[in-house]
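> Attaching a single structure in structure tokens format; questions to follow.
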Amino acid sequence: MKLSGDLQDFSTRLGHDFAKPDLLIRALTHGSVSSPTRPDNQRLEFLGDRVLGLVMAQALLAADREAAEGLLAPRFNALVRKETCADVARQIDLGAVLKLGRSEQMSGGRRKEALLGDAMEAVIAAVYLDGGLPAAQSVILTLWGDRIETVEEDARDPKTALQEWAQARKMPPPSYVETGRRGPDHAPEFTIEVRLQDGSTASATAKSKRAAEQDAAKVLLGKLGG
């Protein structure tokens with residue numbers, strides 16, 4: 001089996017020449033277009049998540065030989081979370097070659113953060129199965145680039161950090177409320193307000209509810225000095 005022109009171009013952007021092209025095709029096949037003879041990428045996503053985790057753990061240990069686990073863990077989480085995977089996917093225009101069903105295409109699936117993040121993990125698994133750990137490690141370290149060196153010193157995700165801030169002051173967890181939605185159905189933007197028991201609030205708008213919640217928590221932490 002040979003890759004089509006667009007998939008060959010993607011393979012070049014990815015930095016891996018597939019000996020088994022069917023692995024890449026499967027990695028890019030979303031459940032909305034799968035069939036008994038055309039499996040989707042969910043199993044590869046499961047594997048790719050673990051491969052990414054191993055490579056990142058090793059890279060972080062090598063990058064900072066003195067850091068304690070308490071600092072390494074949040075850095076690790078920042079590098080492997082879905083938003084980061086989706087950002088890398090956009091970097092290599094993965095969305096353009098995703099194989100989606102018509103309804104998913106119409107709803108803006110090629111730009112959805114969750115789909116991009118999942119597919120990026122599946123592609124990592126495809127590289128791993130095609131060329132082994134050295135090939136996967138090379139692709140990951142190249143694509144993630146200086147993110148490993150520049151990951152914030154305390155990279156806890158803002159929602160976790162805000163919850164810990166509230167707990168330390170014997171408050172219940174923050175609540176998140178959707179206060180607005182705008183844009184077309186295929187590319188909506190959500191406004192989320194985060195609230196603390198003491199009346200502190202902050203809002204943020206993003207292309208997914210999850211991202212808006214994280215951004216709102218980050219804004220509120222800034223207000224609180226957290």
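By order in the structure tokens, chains are A, B, ...; within a chain, residues start at 1; ligands start at 1, following the order shown.
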Would you pick out the contacts of Leu94 (chain A) at 8 Å or less, using only C-alpha atoms, so that residues sharing its chain but fewer than 4 positions from it are not included, and give the list as a ChimeraX atom specification?
/A:10,89-90,98,116,120
> Check region 117-221 of chain A with DSSP on the backbone and list each residue it calls strand (DSSP E), as a VMD selection string.
chain A and resid 175 to 182 189 to 195 201 to 206
> Just want the 10 Å neighbourhood of region 132-134 of chain A, counted on only C-alpha atoms, with same-chain residues fewer than 5 positions away dropped. Output as a list in words.
Val51, Leu54, Val55, Ile124, Ala125, Ala126, Val127, Val139 and Ile140 of chain A
> So that I can see what lies close to region 16-32 of chain A, please list as a VMD selection string the residues with an atom at most 10 Å from it, counting only C-alpha atoms and leaving out residues fewer than 2 positions away in the same chain.
chain A and resid 1 to 4 7 to 8 10 to 14 34 to 35 38 to 45 48 94 to 95 97 to 105 109 115 to 116 118 to 131 135 to 136 138 to 139
> Output N, CA and C atoms for every residue in the selection just made, as a compact mmCIF listing (two decimals), in the first residue's frame.

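Contents of the output file result27.txt:
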# COMPACT_ATOMS: atom_id res chain seq x y z
N MET A 1 0.84 -1.20 0.00
CA MET A 1 0.00 0.00 0.00
C MET A 1 0.88 1.26 0.00
N LYS A 2 0.54 2.19 -0.88
CA LYS A 2 1.28 3.45 -0.94
C LYS A 2 0.41 4.57 -0.37
N LEU A 3 1.06 5.54 0.24
CA LEU A 3 0.34 6.69 0.77
C LEU A 3 -0.05 7.63 -0.37
N SER A 4 -1.22 8.25 -0.22
CA SER A 4 -1.63 9.28 -1.18
C SER A 4 -0.71 10.48 -1.04
N LEU A 7 -1.06 12.39 2.26
CA LEU A 7 -0.53 11.66 3.41
C LEU A 7 0.99 11.56 3.35
N GLN A 8 1.54 11.50 2.16
CA GLN A 8 3.00 11.50 2.04
C GLN A 8 3.56 12.84 2.49
N PHE A 10 2.13 14.77 4.67
CA PHE A 10 1.99 14.79 6.13
C PHE A 10 3.10 13.97 6.78
N SER A 11 3.42 12.82 6.20
CA SER A 11 4.50 12.00 6.72
C SER A 11 5.82 12.77 6.75
N THR A 12 6.03 13.60 5.74
CA THR A 12 7.23 14.44 5.71
C THR A 12 7.20 15.47 6.82
N ARG A 13 6.03 16.11 7.02
CA ARG A 13 5.92 17.09 8.11
C ARG A 13 6.12 16.43 9.47
N LEU A 14 5.66 15.20 9.56
CA LEU A 14 5.78 14.45 10.81
C LEU A 14 7.22 14.07 11.09
N SER A 34 -15.32 4.95 10.52
CA SER A 34 -14.77 3.59 10.61
C SER A 34 -15.81 2.56 10.17
N SER A 35 -15.33 1.33 9.95
CA SER A 35 -16.20 0.21 9.58
C SER A 35 -15.49 -1.07 10.00
N ARG A 38 -12.42 -1.16 8.30
CA ARG A 38 -11.65 0.09 8.39
C ARG A 38 -11.67 0.57 9.85
N PRO A 39 -10.83 -0.03 10.70
CA PRO A 39 -10.86 0.29 12.13
C PRO A 39 -10.45 1.73 12.42
N ASP A 40 -11.02 2.26 13.51
CA ASP A 40 -10.69 3.63 13.88
C ASP A 40 -9.40 3.67 14.69
N ASN A 41 -9.07 4.86 15.18
CA ASN A 41 -7.77 5.08 15.81
C ASN A 41 -7.78 4.99 17.34
N GLN A 42 -8.87 4.51 17.94
CA GLN A 42 -8.97 4.56 19.39
C GLN A 42 -7.93 3.68 20.09
N ARG A 43 -7.68 2.49 19.59
CA ARG A 43 -6.69 1.62 20.21
C ARG A 43 -5.29 2.22 20.07
N LEU A 44 -5.02 2.83 18.94
CA LEU A 44 -3.72 3.48 18.75
C LEU A 44 -3.59 4.68 19.68
N GLU A 45 -4.67 5.40 19.87
CA GLU A 45 -4.65 6.55 20.80
C GLU A 45 -4.25 6.08 22.20
N GLY A 48 -0.53 5.34 22.08
CA GLY A 48 0.26 6.55 21.88
C GLY A 48 0.38 7.41 23.12
N LEU A 94 -2.30 18.45 11.09
CA LEU A 94 -2.88 17.10 11.13
C LEU A 94 -4.35 17.12 10.75
N GLY A 95 -5.06 18.16 11.13
CA GLY A 95 -6.49 18.23 10.85
C GLY A 95 -6.82 18.09 9.38
N VAL A 97 -5.62 16.12 7.23
CA VAL A 97 -5.59 14.75 6.72
C VAL A 97 -6.41 13.78 7.57
N LEU A 98 -7.12 14.28 8.57
CA LEU A 98 -8.00 13.42 9.36
C LEU A 98 -9.11 12.85 8.48
N LYS A 99 -9.40 11.58 8.67
CA LYS A 99 -10.49 10.94 7.93
C LYS A 99 -11.73 10.95 8.82
N LEU A 100 -12.71 11.78 8.44
CA LEU A 100 -13.90 12.01 9.25
C LEU A 100 -15.17 11.71 8.47
N GLY A 101 -16.22 11.34 9.20
CA GLY A 101 -17.53 11.21 8.59
C GLY A 101 -18.09 12.58 8.23
N ARG A 102 -19.09 12.61 7.37
CA ARG A 102 -19.62 13.89 6.88
C ARG A 102 -20.14 14.77 8.02
N SER A 103 -20.87 14.18 8.96
CA SER A 103 -21.43 14.99 10.04
C SER A 103 -20.33 15.60 10.89
N GLU A 104 -19.26 14.86 11.12
CA GLU A 104 -18.14 15.37 11.91
C GLU A 104 -17.41 16.47 11.15
N GLN A 105 -17.29 16.31 9.85
CA GLN A 105 -16.68 17.37 9.04
C GLN A 105 -17.51 18.64 9.11
N GLY A 109 -14.99 19.22 12.79
CA GLY A 109 -14.16 18.23 13.44
C GLY A 109 -12.67 18.40 13.22
N LEU A 115 -10.40 15.97 19.12
CA LEU A 115 -10.10 15.11 17.98
C LEU A 115 -8.64 15.22 17.57
N LEU A 116 -8.13 16.45 17.57
CA LEU A 116 -6.73 16.66 17.18
C LEU A 116 -5.79 16.02 18.20
N ASP A 118 -6.42 13.52 20.29
CA ASP A 118 -6.52 12.06 20.20
C ASP A 118 -5.76 11.54 18.98
N ALA A 119 -5.93 12.20 17.85
CA ALA A 119 -5.28 11.75 16.62
C ALA A 119 -3.76 11.88 16.72
N MET A 120 -3.28 12.93 17.41
CA MET A 120 -1.84 13.08 17.58
C MET A 120 -1.27 11.91 18.37
N GLU A 121 -1.98 11.49 19.41
CA GLU A 121 -1.54 10.33 20.19
C GLU A 121 -1.56 9.07 19.33
N ALA A 122 -2.58 8.92 18.49
CA ALA A 122 -2.66 7.75 17.62
C ALA A 122 -1.52 7.72 16.61
N VAL A 123 -1.17 8.89 16.10
CA VAL A 123 -0.06 8.97 15.14
C VAL A 123 1.25 8.58 15.82
N ILE A 124 1.44 9.00 17.07
CA ILE A 124 2.64 8.61 17.81
C ILE A 124 2.70 7.08 17.93
N ALA A 125 1.57 6.46 18.22
CA ALA A 125 1.53 5.00 18.31
C ALA A 125 1.87 4.36 16.97
N ALA A 126 1.38 4.94 15.89
CA ALA A 126 1.67 4.40 14.57
C ALA A 126 3.17 4.44 14.28
N VAL A 127 3.80 5.54 14.65
CA VAL A 127 5.25 5.66 14.46
C VAL A 127 5.97 4.61 15.32
N TYR A 128 5.52 4.44 16.54
CA TYR A 128 6.12 3.47 17.45
C TYR A 128 6.01 2.05 16.90
N LEU A 129 4.84 1.67 16.42
CA LEU A 129 4.64 0.33 15.88
C LEU A 129 5.40 0.13 14.57
N ASP A 130 5.61 1.20 13.82
CA ASP A 130 6.29 1.11 12.53
C ASP A 130 7.81 1.09 12.69
N GLY A 131 8.32 1.91 13.62
CA GLY A 131 9.78 2.06 13.71
C GLY A 131 10.38 1.83 15.08
N ALA A 135 12.30 5.60 16.94
CA ALA A 135 11.62 6.43 15.93
C ALA A 135 10.59 7.32 16.59
N ALA A 136 9.79 6.76 17.51
CA ALA A 136 8.78 7.55 18.20
C ALA A 136 9.43 8.65 19.03
N SER A 138 12.28 10.13 18.52
CA SER A 138 12.80 11.17 17.63
C SER A 138 11.70 12.11 17.16
N VAL A 139 10.56 11.53 16.76
CA VAL A 139 9.43 12.35 16.30
C VAL A 139 8.90 13.23 17.42
> What does the structure give for the distance between CA of Val80 (chain A) and CA of Ser175 (chain A), in Å to one decimal?
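About the pair CA of Val80 (chain A) and CA of Ser175 (chain A): they are 25.4 Å apart.
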> For region 177-180 of chain A, work out the shell of residues within 10 Å, counting only C-alpha atoms and skipping chain neighbours fewer than 6 positions away, then give it as a VMD selection string.
chain A and resid 189 to 195 203 to 205 209 212 to 213
